[in-house]
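The structure appears right after this line, and notes come after that.
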Amino acid sequence: MAIRITGLNSGLDTESIITELVSAKKVSVDNLKKERTKLSWKVDAWKELNTKIFSLYRNTVDKLRFDNAYVKKKSTVSDSGLLTVVSGEKSVNGVQTASVESLAKAGYLTGGKLKTADGGKVTGDTKVTDLGIAAGTSFTITSGGKDTEITIGDDTTMSGLVSQLSAAGVNANFDETQQRLFISAKETGKANDFSFSGDDSALKTLGLVEDPGNPDGAVKIDGSDAVLYLNGAKFESDTNTFQINGTTYTVNAVSDKNADGTLKETSITTTDDYDGIYDTIRNFFTEYNKLVNEMDKLYNAESSKGYEPLTSEEKEALSESEVEDWENKIKGSLLRRDSSLSSVISAMTTTMMGSVTVNGKEMYLSSFGISTLGYFNSEENERHAYHIDGDPNDSAVSGNTDVLKSMIASDPETVKSFFTQLSNNLYNSMTTTMERVQDFKSMYKVYNDQQLDKELSDYETKISEAEEALTAYEDKWYEKFSAMETALAKLSSKQNAISGLFTS
């Protein structure tokens, strides 16, 4: 870098002059930076949109290609307080009988009241030996089939004992107010219950031996399994939930008994859930419409001509809200008339308008009362959105006859066949769109991220080169002005010397 000497001899404002001289080149650098910023914003815009497109593709369209997406069942229990039933796709239609013999419970011990050897109150800091238990005494707790030995040391406190019990796999607490240990299994069921064995004297002193006849004694509720009778067959579970043949049964209460002591039965009626099939289709269109409307809005966005990213100096002259509004104007138009976006929209909308053959008959979405509102009836950027006739949540078509629901009820197989095929066609068209730019980095993307990354990298190179050229250009002018200042200094020195001859 050149030595930058200001106009000491010439009296010129060298800095201002050079700033003006290099301003044109600096504008070129700033313009490159602005273009890079716009491109980086465009990359971000594509990443955000691509995430939404891929989500519809993978999480919705992919699943709707298969029959099981439209197999919905519902079960009604005559005594809903007894048990609840959630049907799965493998649930069989018909009526079943059920009764509940017992619920799953966790083992629970309310310990006997404690006191120290001299009759005093026990606290968490009280040593266990103060209760009259000798140091070195041990006993065993069995929890969930695992044995753990508990040893009382000289300094073991009640809090320390609780910690040892907890580490053995149970919930344990000492209540100083009630002067009792409270212990419970962490899970329900017989297999997860707990018990104590070993030094009987120590266990009695700690209130861990059941003594229901004594008001201050310990009381133990054993862990138990839930028992469900379904169509006469017995099922057991260590929780209150059963998974049987694709159906989930949750027992909530024990069945009442008949006069002869047998359990009263409740009925479970399982049928096709037509509302569930309808909701599956409607939810798809809700997601599809949201995405296609957003894509239309981005593609048809207003031009941001005349708006460019702001330099640091330009931002300083504006408020934060003004900067945000300015930048949002640019960001909103980045995918305007984008060819890749046009391809995605075209691929999806063309597929949705296409026909599907069901049992030799050519059918369209309109065959099921599903269509767009048309160019003149649609809101701006909603012309590709579909509406289901009779949908109570859609004011535009809520008054129309609900063809879809009627067809689901009367001919569910046709509905299922049509929508599995249509979903498969949409899946394939979206896959093809992705494959056009598919390589290792661009997998599952509808835009060429590698190309955009290359363009960003090219901008970085151009900016670096332009900044180097700007610095060299600036240094050149400083060198010239420095040489001029040096020459003027020498001239001034000679003039002073000559003046000195005439005055001496």
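Chain labels run A, B, ... following the order of the structure tokens; each chain numbers its residues from 1, and ligands are numbered from 1 in the order shown.
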Shell of 10 Å around stretch 236-250 of chain A, only C-alpha atoms, local chain residues under 4 positions omitted, as an mmCIF file with N, CA and C atoms, in the first residue's frame:
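Final output, saved to part05.cif:
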```cif
data_model
loop_
_atom_site.group_PDB
_atom_site.id
_atom_site.type_symbol
_atom_site.label_atom_id
_atom_site.label_comp_id
_atom_site.auth_asym_id
_atom_site.auth_seq_id
_atom_site.Cartn_x
_atom_site.Cartn_y
_atom_site.Cartn_z
ATOM 1 N N LYS A 73 -61.281 -47.014 10.583
ATOM 2 C CA LYS A 73 -62.284 -47.717 11.363
ATOM 3 C C LYS A 73 -62.637 -46.907 12.606
ATOM 4 N N SER A 75 -64.811 -47.466 16.495
ATOM 5 C CA SER A 75 -65.484 -48.406 17.390
ATOM 6 C C SER A 75 -66.278 -47.641 18.438
ATOM 7 N N LEU A 82 -66.331 -47.918 30.881
ATOM 8 C CA LEU A 82 -65.618 -49.161 31.172
ATOM 9 C C LEU A 82 -64.307 -49.261 30.432
ATOM 10 N N LEU A 83 -64.340 -48.987 29.156
ATOM 11 C CA LEU A 83 -63.114 -49.028 28.352
ATOM 12 C C LEU A 83 -63.282 -48.165 27.111
ATOM 13 N N THR A 84 -62.149 -47.775 26.553
ATOM 14 C CA THR A 84 -62.140 -47.025 25.291
ATOM 15 C C THR A 84 -61.415 -47.858 24.251
ATOM 16 N N VAL A 85 -61.842 -47.714 23.003
ATOM 17 C CA VAL A 85 -61.295 -48.526 21.913
ATOM 18 C C VAL A 85 -60.883 -47.623 20.761
ATOM 19 N N VAL A 86 -59.646 -47.794 20.311
ATOM 20 C CA VAL A 86 -59.156 -47.076 19.137
ATOM 21 C C VAL A 86 -58.860 -48.114 18.065
ATOM 22 N N SER A 87 -59.637 -48.078 17.001
ATOM 23 C CA SER A 87 -59.507 -49.087 15.946
ATOM 24 C C SER A 87 -58.328 -48.788 15.036
ATOM 25 N N GLY A 88 -57.719 -49.842 14.549
ATOM 26 C CA GLY A 88 -56.655 -49.726 13.570
ATOM 27 C C GLY A 88 -57.144 -50.222 12.228
ATOM 28 N N GLU A 89 -56.281 -50.160 11.226
ATOM 29 C CA GLU A 89 -56.699 -50.545 9.879
ATOM 30 C C GLU A 89 -57.023 -52.032 9.774
ATOM 31 N N LYS A 90 -56.486 -52.851 10.712
ATOM 32 C CA LYS A 90 -56.742 -54.290 10.673
ATOM 33 C C LYS A 90 -57.968 -54.687 11.483
ATOM 34 N N SER A 91 -58.598 -53.709 12.137
ATOM 35 C CA SER A 91 -59.784 -54.017 12.935
ATOM 36 C C SER A 91 -60.885 -54.586 12.047
ATOM 37 N N VAL A 92 -61.586 -55.575 12.595
ATOM 38 C CA VAL A 92 -62.640 -56.242 11.834
ATOM 39 C C VAL A 92 -63.991 -55.622 12.181
ATOM 40 N N GLU A 101 -62.039 -57.679 34.298
ATOM 41 C CA GLU A 101 -61.956 -58.345 35.602
ATOM 42 C C GLU A 101 -61.137 -57.536 36.601
ATOM 43 N N SER A 102 -60.067 -56.909 36.130
ATOM 44 C CA SER A 102 -59.221 -56.126 37.044
ATOM 45 C C SER A 102 -58.436 -55.093 36.251
ATOM 46 N N LEU A 103 -57.984 -54.067 36.963
ATOM 47 C CA LEU A 103 -57.135 -53.031 36.376
ATOM 48 C C LEU A 103 -55.692 -53.242 36.803
ATOM 49 N N ALA A 104 -54.793 -52.785 36.005
ATOM 50 C CA ALA A 104 -53.377 -52.855 36.372
ATOM 51 C C ALA A 104 -53.080 -51.806 37.429
ATOM 52 N N LYS A 105 -52.411 -52.230 38.477
ATOM 53 C CA LYS A 105 -52.054 -51.315 39.551
ATOM 54 C C LYS A 105 -50.573 -51.446 39.874
ATOM 55 N N ALA A 106 -50.025 -50.372 40.419
ATOM 56 C CA ALA A 106 -48.639 -50.391 40.873
ATOM 57 C C ALA A 106 -48.612 -50.767 42.352
ATOM 58 N N GLU A 187 -43.706 -48.874 37.884
ATOM 59 C CA GLU A 187 -44.604 -49.288 36.812
ATOM 60 C C GLU A 187 -45.712 -50.151 37.383
ATOM 61 N N THR A 188 -46.835 -50.203 36.659
ATOM 62 C CA THR A 188 -47.928 -51.065 37.079
ATOM 63 C C THR A 188 -47.646 -52.511 36.700
ATOM 64 N N GLY A 189 -48.403 -53.435 37.302
ATOM 65 C CA GLY A 189 -48.291 -54.843 36.950
ATOM 66 C C GLY A 189 -47.564 -55.678 37.989
ATOM 67 N N LYS A 190 -47.912 -56.978 37.981
ATOM 68 C CA LYS A 190 -47.285 -57.910 38.925
ATOM 69 C C LYS A 190 -45.769 -57.957 38.764
ATOM 70 N N ALA A 191 -45.321 -58.020 37.533
ATOM 71 C CA ALA A 191 -43.888 -58.181 37.281
ATOM 72 C C ALA A 191 -43.068 -56.996 37.753
ATOM 73 N N ASN A 192 -43.710 -55.858 37.930
ATOM 74 C CA ASN A 192 -42.991 -54.646 38.335
ATOM 75 C C ASN A 192 -43.152 -54.332 39.823
ATOM 76 N N GLY A 223 -48.924 -55.024 43.435
ATOM 77 C CA GLY A 223 -49.079 -54.695 42.020
ATOM 78 C C GLY A 223 -49.892 -55.778 41.337
ATOM 79 N N SER A 224 -50.723 -55.362 40.393
ATOM 80 C CA SER A 224 -51.580 -56.349 39.718
ATOM 81 C C SER A 224 -51.671 -56.052 38.236
ATOM 82 N N ASP A 225 -52.038 -57.083 37.492
ATOM 83 C CA ASP A 225 -52.205 -56.939 36.046
ATOM 84 C C ASP A 225 -53.659 -56.626 35.712
ATOM 85 N N ALA A 226 -53.851 -56.004 34.570
ATOM 86 C CA ALA A 226 -55.203 -55.805 34.053
ATOM 87 C C ALA A 226 -55.635 -57.089 33.360
ATOM 88 N N VAL A 227 -56.916 -57.450 33.541
ATOM 89 C CA VAL A 227 -57.453 -58.648 32.895
ATOM 90 C C VAL A 227 -58.689 -58.242 32.090
ATOM 91 N N LEU A 228 -58.622 -58.514 30.788
ATOM 92 C CA LEU A 228 -59.714 -58.171 29.874
ATOM 93 C C LEU A 228 -60.213 -59.439 29.203
ATOM 94 N N TYR A 229 -61.531 -59.608 29.195
ATOM 95 C CA TYR A 229 -62.135 -60.709 28.447
ATOM 96 C C TYR A 229 -62.748 -60.117 27.186
ATOM 97 N N LEU A 230 -62.288 -60.615 26.044
ATOM 98 C CA LEU A 230 -62.775 -60.135 24.761
ATOM 99 C C LEU A 230 -63.342 -61.311 23.989
#
```
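When DSSP is run on the backbone, the residues of stretch 66-188 of chain A that fall into helix (DSSP H, G or I) are Asp67, Asn68, Ala69, Tyr70, Val128, Thr129, Asp130, Leu131, Met158, Ser159, Gly160, Leu161, Val162, Ser163, Gln164, Leu165, Ser166 and Ala167 of chain A.
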Could you pull the residues within 12 Å of A:Asp30, counting only C-alpha atoms, minus those fewer than 5 positions along the same chain, as a PyMOL selection string? chain A and resi 23-25+35-37+308-314+459+462-464+466-467+470
Write out as number ranges by chain the residues lying within 7 Å of stretch 388-405 of chain A, counting only C-alpha atoms and excluding same-chain residues fewer than 3 positions away. A: 278, 368-371, 408-409
Mind writing the picked residues with N, CA and C atoms as a short mmCIF file (atom, residue, chain, number, x, y, z; two decimals), in the first residue's frame?
```
data_model
loop_
_atom_site.label_atom_id
_atom_site.label_comp_id
_atom_site.auth_asym_id
_atom_site.auth_seq_id
_atom_site.Cartn_x
_atom_site.Cartn_y
_atom_site.Cartn_z
N TYR A 278 -62.99 -39.10 4.75
CA TYR A 278 -63.25 -37.74 4.26
C TYR A 278 -62.21 -36.77 4.80
N PHE A 368 -65.94 -36.05 -8.07
CA PHE A 368 -66.17 -36.19 -6.63
C PHE A 368 -66.56 -34.85 -6.00
N GLY A 369 -66.97 -33.91 -6.84
CA GLY A 369 -67.37 -32.60 -6.33
C GLY A 369 -66.21 -31.77 -5.84
N ILE A 370 -65.04 -31.98 -6.44
CA ILE A 370 -63.83 -31.24 -6.05
C ILE A 370 -63.30 -30.49 -7.26
N SER A 371 -63.20 -29.18 -7.16
CA SER A 371 -62.74 -28.39 -8.31
C SER A 371 -62.22 -27.04 -7.85
N ILE A 408 -68.17 -41.65 -0.66
CA ILE A 408 -67.44 -42.43 0.34
C ILE A 408 -68.38 -43.42 1.01
N ALA A 409 -69.59 -42.96 1.30
CA ALA A 409 -70.57 -43.83 1.96
C ALA A 409 -71.11 -44.91 1.04
#
```
So which residues touch stretch 280-291 of chain A within 9 Å, counting only C-alpha atoms, skipping near sequence neighbours fewer than 4 positions away, as a PyMOL selection string? chain A and resi 49+52-53+56+60-61+64+69-70+275-276+295-296+382+384-388+391+419
Taking N, CA and C atoms for each residue, export the selection above as a short mmCIF file (atom, residue, chain, number, x, y, z; two decimals), in the first residue's frame.
```cif
data_model
loop_
_atom_site.label_atom_id
_atom_site.label_comp_id
_atom_site.auth_asym_id
_atom_site.auth_seq_id
_atom_site.Cartn_x
_atom_site.Cartn_y
_atom_site.Cartn_z
N LEU A 49 -38.89 -22.73 0.58
CA LEU A 49 -39.98 -23.27 -0.23
C LEU A 49 -39.78 -24.75 -0.51
N LYS A 52 -41.00 -27.01 2.21
CA LYS A 52 -42.45 -27.18 2.22
C LYS A 52 -42.91 -28.14 1.11
N ILE A 53 -42.29 -28.01 -0.05
CA ILE A 53 -42.64 -28.91 -1.16
C ILE A 53 -42.29 -30.35 -0.80
N LEU A 56 -44.76 -31.94 1.73
CA LEU A 56 -45.98 -32.43 1.11
C LEU A 56 -45.70 -33.74 0.36
N THR A 60 -47.12 -36.51 3.00
CA THR A 60 -48.54 -36.61 2.66
C THR A 60 -48.77 -37.41 1.38
N VAL A 61 -48.26 -36.90 0.26
CA VAL A 61 -48.52 -37.55 -1.03
C VAL A 61 -48.02 -38.99 -1.05
N LEU A 64 -50.45 -41.25 0.77
CA LEU A 64 -51.77 -41.38 0.16
C LEU A 64 -51.77 -42.27 -1.09
N ALA A 69 -54.01 -45.87 3.66
CA ALA A 69 -54.25 -44.48 4.05
C ALA A 69 -55.75 -44.18 4.10
N TYR A 70 -56.54 -44.99 3.40
CA TYR A 70 -57.98 -44.75 3.32
C TYR A 70 -58.80 -45.81 4.07
N ASP A 275 -66.17 -40.71 7.96
CA ASP A 275 -65.70 -39.36 8.28
C ASP A 275 -64.18 -39.31 8.30
N GLY A 276 -63.57 -40.39 8.76
CA GLY A 276 -62.10 -40.44 8.78
C GLY A 276 -61.51 -40.41 7.38
N MET A 295 -46.90 -20.76 -3.77
CA MET A 295 -46.07 -20.78 -4.98
C MET A 295 -46.59 -19.79 -6.01
N ASP A 296 -47.91 -19.73 -6.18
CA ASP A 296 -48.50 -18.76 -7.11
C ASP A 296 -48.17 -17.33 -6.69
N GLU A 382 -55.03 -17.75 -5.99
CA GLU A 382 -55.71 -18.92 -5.44
C GLU A 382 -56.44 -19.69 -6.54
N HIS A 384 -55.38 -22.06 -8.41
CA HIS A 384 -55.07 -23.49 -8.50
C HIS A 384 -55.55 -24.24 -7.27
N ALA A 385 -56.20 -23.54 -6.35
CA ALA A 385 -56.68 -24.18 -5.11
C ALA A 385 -57.98 -24.94 -5.37
N TYR A 386 -58.10 -26.11 -4.70
CA TYR A 386 -59.30 -26.94 -4.87
C TYR A 386 -60.25 -26.78 -3.70
N HIS A 387 -61.56 -26.89 -4.03
CA HIS A 387 -62.61 -26.75 -3.04
C HIS A 387 -63.51 -27.99 -3.10
N ILE A 388 -63.90 -28.48 -1.92
CA ILE A 388 -64.75 -29.68 -1.84
C ILE A 388 -66.19 -29.23 -1.61
N ASP A 391 -68.22 -28.62 1.84
CA ASP A 391 -67.32 -28.49 2.99
C ASP A 391 -67.82 -27.35 3.88
N PHE A 419 -58.17 -41.97 -5.50
CA PHE A 419 -57.21 -41.12 -4.81
C PHE A 419 -55.84 -41.78 -4.62
#
```
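Going from atom CA of A:Glu176 to atom CA of A:Ser159 covers 10.7 Å.
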10 Å contact set for stretch 441-455 of chain A, only C-alpha atoms, chain neighbours under 6 positions out, as a VMD selection string: chain A and resid 36 39 to 40 42 to 43 46 to 47 49 to 51 53 to 54 57 to 58 339 to 341 343 to 344 430 to 435 461
Please produce an output containing N, CA and C atoms for each residue in the selection, written as a compact mmCIF listing (two decimals), in the first residue's frame.
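Result file follows (result.txt):
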```txt
# COMPACT_ATOMS: atom_id res chain seq x y z
N ARG A 36 -24.76 -10.12 -5.05
CA ARG A 36 -24.49 -11.31 -4.22
C ARG A 36 -25.52 -11.44 -3.11
N LEU A 39 -28.75 -12.73 -4.47
CA LEU A 39 -28.65 -14.15 -4.79
C LEU A 39 -28.69 -15.00 -3.52
N SER A 40 -28.04 -14.54 -2.46
CA SER A 40 -28.06 -15.30 -1.19
C SER A 40 -29.48 -15.33 -0.63
N LYS A 42 -32.13 -15.24 -2.47
CA LYS A 42 -32.87 -16.15 -3.34
C LYS A 42 -32.61 -17.60 -2.94
N VAL A 43 -31.37 -17.90 -2.59
CA VAL A 43 -31.04 -19.26 -2.11
C VAL A 43 -31.86 -19.58 -0.87
N TRP A 46 -35.48 -20.26 -1.78
CA TRP A 46 -35.66 -21.57 -2.37
C TRP A 46 -35.57 -22.67 -1.32
N LYS A 47 -34.64 -22.52 -0.38
CA LYS A 47 -34.51 -23.53 0.67
C LYS A 47 -35.80 -23.64 1.48
N LEU A 49 -38.89 -22.73 0.58
CA LEU A 49 -39.98 -23.27 -0.23
C LEU A 49 -39.78 -24.75 -0.51
N ASN A 50 -38.55 -25.14 -0.77
CA ASN A 50 -38.28 -26.54 -1.08
C ASN A 50 -38.61 -27.44 0.11
N THR A 51 -38.36 -26.95 1.32
CA THR A 51 -38.70 -27.71 2.53
C THR A 51 -40.20 -27.99 2.58
N ILE A 53 -42.29 -28.01 -0.05
CA ILE A 53 -42.64 -28.91 -1.16
C ILE A 53 -42.29 -30.35 -0.80
N PHE A 54 -41.10 -30.54 -0.24
CA PHE A 54 -40.67 -31.89 0.12
C PHE A 54 -41.53 -32.47 1.24
N TYR A 57 -44.59 -33.77 -0.34
CA TYR A 57 -44.19 -34.92 -1.14
C TYR A 57 -43.98 -36.17 -0.28
N ARG A 58 -43.22 -36.04 0.79
CA ARG A 58 -42.84 -37.18 1.60
C ARG A 58 -43.86 -37.52 2.68
N SER A 339 -38.21 -19.77 -13.59
CA SER A 339 -38.52 -20.91 -14.47
C SER A 339 -38.63 -22.22 -13.69
N SER A 340 -37.79 -22.41 -12.68
CA SER A 340 -37.87 -23.64 -11.88
C SER A 340 -39.18 -23.70 -11.12
N LEU A 341 -39.59 -22.56 -10.57
CA LEU A 341 -40.86 -22.52 -9.85
C LEU A 341 -42.01 -22.77 -10.80
N SER A 343 -41.97 -24.63 -13.39
CA SER A 343 -41.98 -26.07 -13.69
C SER A 343 -42.67 -26.87 -12.59
N VAL A 344 -42.40 -26.49 -11.35
CA VAL A 344 -43.02 -27.20 -10.22
C VAL A 344 -44.53 -26.99 -10.22
N MET A 430 -43.84 -35.09 -9.14
CA MET A 430 -42.95 -34.34 -8.25
C MET A 430 -41.55 -34.97 -8.24
N THR A 431 -41.52 -36.30 -8.28
CA THR A 431 -40.23 -37.00 -8.34
C THR A 431 -39.47 -36.63 -9.61
N THR A 432 -40.18 -36.62 -10.74
CA THR A 432 -39.56 -36.27 -12.02
C THR A 432 -39.01 -34.85 -11.99
N THR A 433 -39.76 -33.94 -11.39
CA THR A 433 -39.30 -32.55 -11.28
C THR A 433 -38.00 -32.47 -10.48
N MET A 434 -37.91 -33.26 -9.44
CA MET A 434 -36.68 -33.28 -8.63
C MET A 434 -35.53 -33.93 -9.38
N GLU A 435 -35.83 -34.96 -10.15
CA GLU A 435 -34.78 -35.68 -10.85
C GLU A 435 -34.12 -34.85 -11.95
N THR A 461 -15.59 -14.38 -5.86
CA THR A 461 -14.35 -14.18 -6.61
C THR A 461 -14.33 -12.81 -7.28
```
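Minimum atom-to-atom distance to A:Glu210, evaluated using only C-alpha atoms, belongs to A:Leu109 out of A:Leu263, A:Ala233, A:Leu109, A:Val122.
Atom CA of A:Ser457 sits 15.3 Å away from atom CA of A:Asp44.
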Please identify all polymer residues within 9 Å of stretch 351-367 of chain A, counting only C-alpha atoms, omitting same-chain residues fewer than 3 positions from it, and present them as a PyMOL selection string. chain A and resi 346-348+370-372+403-404+414+417-419+421-423+425-426+429
Just list as a list in words whatever in stretch 7-138 of chain A DSSP marks as strand (DSSP E or B). Lys73, Lys74, Ser75, Thr76, Val77, Leu83, Thr84, Val85, Val86, Gly94, Val95, Gln96, Thr97, Ala98, Ser99, Val100, Glu101, Ser102, Lys105, Tyr108, Leu109, Thr110, Lys127 and Ser138 of chain A
